[in-house]
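Undergrad: Below is the file final-v5.tsv, with TSV, C-alpha atoms.
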```tsv
chain	number	residue	atom	x	y	z
I	1	MET	CA	23.85	0.26	0.01
I	2	LEU	CA	22.74	-2.73	-2.04
I	3	VAL	CA	20.23	-3.00	-4.88
I	4	ILE	CA	17.99	-5.92	-3.97
I	5	GLY	CA	15.22	-5.66	-6.57
I	6	ASP	CA	12.90	-3.52	-8.64
I	7	ASP	CA	9.31	-3.29	-9.77
I	8	ALA	CA	9.25	-6.17	-12.22
I	9	HIS	CA	6.94	-5.85	-15.19
I	10	PRO	CA	5.16	-9.09	-16.12
I	11	TYR	CA	5.83	-10.08	-19.71
I	12	ASP	CA	5.16	-13.26	-21.62
I	13	ARG	CA	8.89	-13.86	-22.12
I	14	PHE	CA	11.21	-15.56	-19.65
I	15	PRO	CA	14.66	-13.87	-19.50
I	16	TRP	CA	16.56	-16.98	-20.53
I	17	VAL	CA	19.26	-14.97	-22.36
I	18	THR	CA	20.10	-13.17	-19.12
I	19	LEU	CA	20.24	-16.50	-17.34
I	20	CYS	CA	22.46	-18.01	-20.06
I	21	LEU	CA	24.83	-15.03	-19.88
I	22	ILE	CA	25.16	-15.53	-16.14
I	23	MET	CA	25.91	-19.23	-16.66
I	24	ALA	CA	28.48	-18.39	-19.38
I	25	ASN	CA	30.29	-16.03	-17.01
I	26	VAL	CA	30.28	-18.65	-14.26
I	27	VAL	CA	31.66	-21.29	-16.65
I	28	ALA	CA	34.36	-18.90	-17.87
I	29	PHE	CA	35.35	-18.16	-14.27
I	30	SER	CA	35.58	-21.90	-13.63
I	31	PHE	CA	38.01	-22.17	-16.55
I	32	GLN	CA	40.02	-19.35	-15.02
I	33	LEU	CA	40.30	-21.27	-11.76
I	34	CYS	CA	41.30	-24.48	-13.54
I	35	LEU	CA	43.65	-23.09	-16.20
I	36	GLY	CA	45.28	-20.46	-14.06
I	37	ARG	CA	46.80	-17.07	-14.73
I	38	GLU	CA	48.03	-17.93	-18.23
I	39	PHE	CA	44.48	-18.46	-19.50
I	40	THR	CA	43.18	-15.28	-17.84
I	41	GLU	CA	45.95	-13.08	-19.22
I	42	SER	CA	45.72	-14.61	-22.70
I	43	TYR	CA	42.07	-13.65	-23.11
I	44	SER	CA	42.03	-10.35	-21.21
I	45	MET	CA	42.19	-7.11	-23.18
I	46	VAL	CA	45.41	-5.08	-23.24
I	47	ALA	CA	44.97	-1.67	-24.88
I	48	ALA	CA	48.56	-1.44	-26.15
I	49	GLU	CA	48.32	-4.85	-27.81
I	50	VAL	CA	45.05	-4.00	-29.57
I	51	VAL	CA	46.44	-0.73	-30.89
I	52	GLN	CA	49.76	-2.22	-32.04
I	53	GLY	CA	48.27	-5.52	-33.24
I	54	ARG	CA	50.97	-7.65	-31.55
I	55	ASP	CA	51.67	-9.25	-28.18
I	56	SER	CA	53.55	-7.14	-25.68
I	57	THR	CA	54.60	-10.27	-23.74
I	58	PRO	CA	55.07	-13.90	-24.92
I	59	GLN	CA	51.94	-15.97	-24.37
I	60	GLN	CA	52.24	-19.29	-22.55
I	61	ASP	CA	50.11	-22.41	-22.76
I	62	ALA	CA	47.47	-22.71	-20.07
I	63	LYS	CA	47.70	-26.01	-18.21
I	64	PHE	CA	44.80	-27.83	-16.65
I	65	GLN	CA	46.32	-29.82	-13.79
I	66	LEU	CA	44.39	-32.97	-12.92
I	67	PRO	CA	44.26	-34.18	-9.30
I	68	GLN	CA	47.09	-36.53	-8.30
I	69	ASP	CA	44.90	-39.61	-7.95
I	70	ARG	CA	43.44	-39.13	-11.45
I	71	ARG	CA	46.73	-38.80	-13.28
I	72	ARG	CA	47.72	-41.75	-15.39
I	73	HIS	CA	51.40	-40.94	-14.91
I	74	ALA	CA	53.47	-38.26	-13.21
I	75	GLY	CA	53.33	-34.83	-14.80
I	76	ALA	CA	50.15	-35.48	-16.79
I	77	ALA	CA	48.31	-32.26	-17.62
I	78	LEU	CA	45.97	-30.84	-20.23
I	79	THR	CA	47.54	-27.88	-22.03
I	80	VAL	CA	45.44	-25.25	-23.81
I	81	PRO	CA	47.57	-23.12	-26.19
I	82	PRO	CA	46.42	-19.53	-26.84
I	83	LEU	CA	45.08	-18.46	-30.21
I	84	PRO	CA	47.71	-17.15	-32.64
I	85	SER	CA	48.28	-13.40	-32.86
I	86	PRO	CA	46.82	-11.08	-34.01
I	87	LEU	CA	43.59	-13.11	-33.93
I	88	ARG	CA	43.83	-13.61	-30.18
I	89	ILE	CA	44.40	-9.90	-29.59
I	90	TYR	CA	41.22	-8.79	-31.36
I	91	VAL	CA	39.19	-11.66	-29.92
I	92	THR	CA	39.96	-10.30	-26.45
I	93	LEU	CA	37.66	-7.34	-27.20
I	94	PHE	CA	34.82	-9.82	-26.58
I	95	THR	CA	36.37	-12.59	-24.45
I	96	HIS	CA	37.45	-10.21	-21.70
I	97	MET	CA	33.81	-9.43	-20.88
I	98	PHE	CA	33.31	-13.02	-19.70
I	99	LEU	CA	36.34	-13.07	-17.38
I	100	HIS	CA	36.57	-11.73	-13.83
I	101	ALA	CA	39.29	-10.87	-11.36
I	102	GLY	CA	37.75	-12.73	-8.44
I	103	PHE	CA	34.68	-14.30	-6.91
I	104	PHE	CA	33.20	-11.06	-5.53
I	105	HIS	CA	33.85	-9.29	-8.83
I	106	LEU	CA	31.85	-12.03	-10.56
I	107	LEU	CA	29.11	-12.02	-7.90
I	108	GLY	CA	28.57	-8.25	-8.06
I	109	ASN	CA	28.42	-8.14	-11.86
I	110	MET	CA	26.06	-11.10	-12.14
I	111	TRP	CA	23.74	-9.64	-9.50
I	112	PHE	CA	23.45	-6.35	-11.38
I	113	LEU	CA	22.95	-8.25	-14.64
I	114	TRP	CA	20.06	-10.21	-13.14
I	115	ILE	CA	18.40	-7.16	-11.53
I	116	PHE	CA	18.51	-4.94	-14.62
I	117	GLY	CA	18.65	-7.56	-17.36
I	118	ARG	CA	15.25	-9.14	-16.70
I	119	ASN	CA	13.11	-6.14	-17.60
I	120	VAL	CA	15.37	-5.03	-20.44
I	121	GLU	CA	15.34	-8.46	-22.09
I	122	THR	CA	11.60	-8.98	-21.73
I	123	GLY	CA	11.04	-5.50	-23.14
I	124	LEU	CA	13.46	-5.74	-26.08
I	125	GLY	CA	13.20	-9.41	-26.96
I	126	HIS	CA	15.81	-12.14	-26.64
I	127	ALA	CA	17.80	-11.65	-29.85
I	128	ARG	CA	17.91	-7.86	-29.67
I	129	PHE	CA	18.93	-7.98	-26.00
I	130	LEU	CA	21.86	-10.30	-26.73
I	131	ILE	CA	23.04	-8.15	-29.64
I	132	TYR	CA	22.81	-4.97	-27.55
I	133	TYR	CA	24.67	-6.67	-24.70
I	134	LEU	CA	27.60	-7.55	-26.95
I	135	ILE	CA	27.59	-4.12	-28.61
I	136	GLY	CA	27.61	-2.49	-25.18
I	137	GLY	CA	30.52	-4.63	-24.06
I	138	LEU	CA	32.45	-3.69	-27.22
I	139	ALA	CA	31.64	0.01	-26.71
I	140	GLY	CA	32.93	-0.21	-23.16
I	141	SER	CA	36.12	-1.89	-24.39
I	142	LEU	CA	36.74	0.83	-26.97
I	143	ALA	CA	36.06	3.61	-24.46
I	144	GLN	CA	38.55	2.13	-22.01
I	145	LEU	CA	41.06	1.58	-24.83
I	146	LEU	CA	40.79	5.16	-26.09
I	147	SER	CA	41.24	6.53	-22.58
I	148	ASP	CA	44.82	5.19	-22.57
I	149	THR	CA	46.05	3.55	-25.77
I	150	GLN	CA	49.45	2.75	-24.25
I	151	SER	CA	48.15	0.87	-21.23
I	152	THR	CA	49.62	-2.59	-20.62
I	153	THR	CA	47.12	-3.46	-17.88
I	154	HIS	CA	44.95	-6.53	-18.42
I	155	ALA	CA	41.31	-5.39	-18.52
I	156	LEU	CA	38.61	-7.96	-17.81
I	157	GLY	CA	35.05	-8.08	-16.58
I	158	ALA	CA	31.47	-7.79	-17.79
I	159	SER	CA	31.03	-4.30	-16.34
I	160	GLY	CA	30.91	-2.52	-19.71
I	161	ALA	CA	28.20	-4.82	-21.08
I	162	ILE	CA	26.22	-4.65	-17.83
I	163	ALA	CA	26.52	-0.84	-17.86
I	164	CYS	CA	24.91	-0.99	-21.32
I	165	VAL	CA	22.03	-2.96	-19.79
I	166	MET	CA	21.72	-0.31	-17.07
I	167	GLY	CA	21.63	2.47	-19.65
I	168	SER	CA	18.95	0.60	-21.58
I	169	TYR	CA	17.00	0.15	-18.34
I	170	LEU	CA	17.13	3.90	-17.73
I	171	ALA	CA	15.88	4.64	-21.26
I	172	ILE	CA	13.02	2.12	-21.03
I	173	ASN	CA	11.90	2.44	-17.39
I	174	PRO	CA	13.23	5.79	-16.07
I	175	PHE	CA	10.65	6.03	-13.27
I	176	ASN	CA	10.63	2.39	-12.27
I	177	LYS	CA	11.25	1.96	-8.53
I	178	LEU	CA	14.51	0.33	-7.40
I	179	LYS	CA	14.69	-1.24	-3.95
I	180	LEU	CA	17.88	-0.24	-2.09
I	181	TRP	CA	18.93	-1.81	1.19
I	182	PHE	CA	20.81	0.62	3.47
I	183	GLY	CA	21.53	-1.76	6.32
I	184	TRP	CA	19.63	-3.20	9.24
I	185	TRP	CA	18.99	0.18	10.88
I	186	ILE	CA	17.53	1.96	7.85
I	187	GLY	CA	16.12	-0.96	5.89
I	188	VAL	CA	14.81	-0.83	2.32
I	189	ILE	CA	14.12	2.43	0.50
I	190	GLU	CA	12.55	2.70	-2.96
I	191	VAL	CA	13.96	5.33	-5.34
I	192	PRO	CA	13.27	6.04	-9.04
I	193	ALA	CA	15.67	4.42	-11.47
I	194	VAL	CA	16.50	7.81	-13.02
I	195	LEU	CA	17.82	9.03	-9.64
I	196	PHE	CA	19.92	5.99	-8.81
I	197	LEU	CA	21.32	5.39	-12.29
I	198	GLY	CA	21.87	9.11	-12.88
I	199	LEU	CA	23.92	9.41	-9.69
I	200	TRP	CA	25.78	6.20	-10.56
I	201	ALA	CA	26.73	7.55	-14.00
I	202	LEU	CA	27.81	10.88	-12.47
I	203	LEU	CA	30.00	9.06	-9.96
I	204	GLN	CA	31.62	7.03	-12.74
I	205	PHE	CA	32.34	10.21	-14.71
I	206	LEU	CA	33.87	12.03	-11.76
I	207	SER	CA	35.99	9.02	-10.86
I	208	ALA	CA	37.15	8.63	-14.48
I	209	ARG	CA	38.16	12.32	-14.63
I	210	HIS	CA	40.36	11.89	-11.56
I	211	THR	CA	42.01	8.73	-12.87
I	212	GLN	CA	45.33	9.43	-14.54
I	213	PRO	CA	46.15	7.63	-17.81
I	214	GLY	CA	48.17	4.52	-17.20
I	215	HIS	CA	46.80	4.12	-13.67
I	216	SER	CA	43.69	2.43	-12.32
I	217	HIS	CA	41.67	3.78	-9.41
I	218	GLY	CA	41.07	0.71	-7.29
I	219	GLY	CA	41.29	-1.50	-10.36
I	220	VAL	CA	38.00	-0.17	-11.77
I	221	ALA	CA	37.66	0.63	-15.49
I	222	TYR	CA	35.42	3.70	-15.21
I	223	TRP	CA	35.64	4.61	-18.90
I	224	ALA	CA	34.35	1.15	-19.80
I	225	HIS	CA	31.35	1.79	-17.54
I	226	LEU	CA	30.66	5.14	-19.19
I	227	GLY	CA	31.09	3.77	-22.71
I	228	GLY	CA	28.70	0.88	-22.09
I	229	PHE	CA	26.16	3.10	-20.31
I	230	ALA	CA	26.13	5.64	-23.15
I	231	ALA	CA	25.81	2.83	-25.70
I	232	GLY	CA	22.75	1.50	-23.88
I	233	LEU	CA	21.02	4.88	-23.97
I	234	VAL	CA	21.83	5.51	-27.63
I	235	LEU	CA	20.77	2.03	-28.74
I	236	ILE	CA	17.35	2.39	-27.11
I	237	TRP	CA	16.79	5.91	-28.47
I	238	VAL	CA	17.74	4.82	-32.00
I	239	THR	CA	15.52	1.75	-31.72
I	240	VAL	CA	12.53	3.80	-30.54
I	241	ALA	CA	13.01	6.33	-33.35
I	242	TYR	CA	13.23	3.52	-35.92
I	243	LEU	CA	10.11	1.78	-34.62
I	244	ARG	CA	8.14	5.04	-34.61
I	245	MET	CA	9.15	5.76	-38.20
I	246	LYS	CA	8.18	2.24	-39.16
I	247	LEU	CA	4.80	2.64	-37.44
I	248	VAL	CA	4.10	5.93	-39.24
I	249	ARG	CA	4.90	4.33	-42.60
I	250	ALA	CA	2.64	1.39	-41.80
I	251	GLU	CA	-0.24	3.73	-40.89
I	252	GLU	CA	0.24	5.71	-44.11
I	253	GLY	CA	0.20	2.46	-46.08
I	254	GLU	CA	-3.04	1.41	-44.41
I	255	GLU	CA	-4.65	4.76	-45.25
I	256	LEU	CA	-3.65	4.45	-48.90
I	257	ALA	CA	-4.93	0.88	-49.05
I	258	THR	CA	-8.25	1.90	-47.49
I	259	ALA	CA	-8.61	4.83	-49.88
I	260	ALA	CA	-7.88	2.61	-52.88
I	261	ALA	CA	-10.46	0.10	-51.72
I	262	ASN	CA	-13.07	2.86	-51.44
I	263	ASN	CA	-12.05	4.43	-54.78
I	264	GLU	CA	-10.90	7.54	-52.99
I	265	VAL	CA	-7.79	9.56	-53.75
I	266	PRO	CA	-6.46	11.14	-50.54
I	267	VAL	CA	-5.04	14.63	-50.94
I	268	PRO	CA	-1.77	15.05	-49.01
I	269	GLU	CA	-1.88	17.80	-46.44
I	270	HIS	CA	1.46	19.26	-47.47
I	271	VAL	CA	0.28	20.02	-51.08
I	272	PRO	CA	-0.79	23.71	-51.36
I	273	PRO	CA	-4.10	24.57	-53.00
I	274	GLU	CA	-3.92	25.02	-56.75
I	275	ASP	CA	-3.60	28.59	-58.03
I	276	PHE	CA	-6.17	29.47	-60.73
I	277	SER	CA	-5.13	33.10	-61.21
I	278	HIS	CA	-3.15	32.34	-64.35
I	279	ARG	CA	-6.11	30.75	-66.18
I	280	PRO	CA	-8.27	32.85	-68.59
I	281	THR	CA	-11.75	33.87	-67.53
I	282	VAL	CA	-14.58	31.98	-69.24
I	283	THR	CA	-17.39	34.29	-70.50
I	284	LEU	CA	-20.66	33.57	-72.23
I	285	GLU	CA	-19.07	34.47	-75.57
I	286	THR	CA	-16.27	31.92	-75.20
I	287	ALA	CA	-18.19	29.23	-73.32
I	288	ARG	CA	-19.70	27.79	-76.52
I	289	TYR	CA	-16.25	27.05	-77.88
I	290	LEU	CA	-15.48	24.90	-74.83
I	291	ARG	CA	-18.34	22.52	-75.52
I	292	PRO	CA	-17.56	19.42	-77.60
I	293	GLN	CA	-18.27	20.15	-81.25
I	294	PRO	CA	-20.23	17.65	-83.39
I	295	THR	CA	-18.22	15.72	-85.91
I	296	ASP	CA	-21.01	15.46	-88.49
I	297	LEU	CA	-22.50	18.52	-90.21
I	298	THR	CA	-26.02	17.09	-89.82
I	299	GLU	CA	-25.74	17.34	-86.00
I	300	ARG	CA	-25.12	21.08	-86.07
I	301	GLU	CA	-27.98	23.34	-84.99
```
Using structure tokens, write down the structure that the file contains.
TA:
Amino acid sequence: MLVIGDDAHPYDRFPWVTLCLIMANVVAFSFQLCLGREFTESYSMVAAEVVQGRDSTPQQDAKFQLPQDRRRHAGAALTVPPLPSPLRIYVTLFTHMFLHAGFFHLLGNMWFLWIFGRNVETGLGHARFLIYYLIGGLAGSLAQLLSDTQSTTHALGASGAIACVMGSYLAINPFNKLKLWFGWWIGVIEVPAVLFLGLWALLQFLSARHTQPGHSHGGVAYWAHLGGFAAGLVLIWVTVAYLRMKLVRAEEGEELATAAANNEVPVPEHVPPEDFSHRPTVTLETARYLRPQPTDLTERE
């Protein structure tokens, strides 16, 4: 089964942030290939290091080896030293989401980012989409970290941030049709996003429950997926609630401005009617004392 597309919604915005994120991941993977294992391990997240605030293993300089015909002399190489601890350790909470374990890991993540990121970015806006992407990646990192605080495994990949995009997609377009390819014999089948993403989240939860702390099930960080997915849902729900409250306040302000322009004083609906039972009854005998009295004796009747 492969997700090959969805019902795109035409907006006036081009998803250039999604495209830039894909390019950033590709560039980071190129650095991994050039600088080797030392670079990848230096900027991958290790839960035990983040919790303790110190390196569990000595960090080595990453070396960029130039081709033999381009070297000016034997042994020439460009070395990239890692950031000093503990700065490097806490930076890995973000840098690890731009690193990948292999080409197919990168290809799968970037494909899902493109499929789900387009509609989410054009719906949220560029700046908000980028902020939510980074928050989702951080939420996925913390969820994976809390699942096993003593883990010494190097965690890397954009899956947590992309899961946040998928959760946002579900909150924004729950009944949008996703196109799934089931092979040459079955072909393409369209299913609602709520069905596909709901089953995907359930599968991640069941797999995470059967994964023992300190071990990885096929090298997949399921808790990072769940943390990012939940962050995407919550971020959209909070945003919608905030925008609705802002819209209500704007409408109330317009009503007050209109009433002031028309010299009208609107009576709030929540104010109960005034109670006149405590006031004395006005009779004909007392009514004449309520009229304004003349100040000059000559005006009296």
Undergrad: So how far away is atom CA of I:Leu2 from atom CA of I:Trp185, in Å?
TA: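 Computed distance, atom CA of I:Trp185 to atom CA of I:Leu2, equals 13.8 Å.
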Undergrad: Just give me the gap between atom CA of I:Ser168 and atom CA of I:Phe229 in Å, one decimal is fine.
TA: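 Those two atoms sit 7.7 Å apart.
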Undergrad: Got a sec: who's within 6 Å of I:Val46, counting only C-alpha atoms, leaving out chain neighbours fewer than 5 positions off, as a VMD selection string?
TA: chain I and resid 152 to 154
Undergrad: Pull C-alpha atoms from the residues just selected and write them as a compact mmCIF listing (two decimals), in the coordinates of the input.
TA:
```txt
# COMPACT_ATOMS: atom_id res chain seq x y z
CA THR I 152 49.62 -2.59 -20.62
CA THR I 153 47.12 -3.46 -17.88
CA HIS I 154 44.95 -6.53 -18.42
```
Undergrad: Just give me the gap between atom CA of I:Gly137 and atom CA of I:Phe31 in Å, one decimal is fine.
TA: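 These two atoms are separated by 20.5 Å.
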Undergrad: Which residue, I:Leu203, I:Ile189, I:Ala155, I:Ala241, has the smallest gap to I:Gly219 when you use only C-alpha atoms?
TA: I:Ala155
Undergrad: Closest to I:Phe103 among I:Val26, I:Leu170, I:Ala143, I:Val188, using all atoms listed in the file?
TA: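 Among the listed residues, the smallest separation from I:Phe103 belongs to I:Val26.
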Undergrad: From the options I:Glu38, I:Glu121, I:Glu255, I:Asp148, which residue's atoms come nearest to I:Ala224, counting all atoms listed in the file?
TA: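 Under the stated criterion, the closest residue is I:Asp148.
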Undergrad: Counting only C-alpha atoms, which of I:Leu199, I:Val165, I:Ala28, I:Leu138 gets nearest to I:Arg118?
TA: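 Closest candidate: I:Val165.
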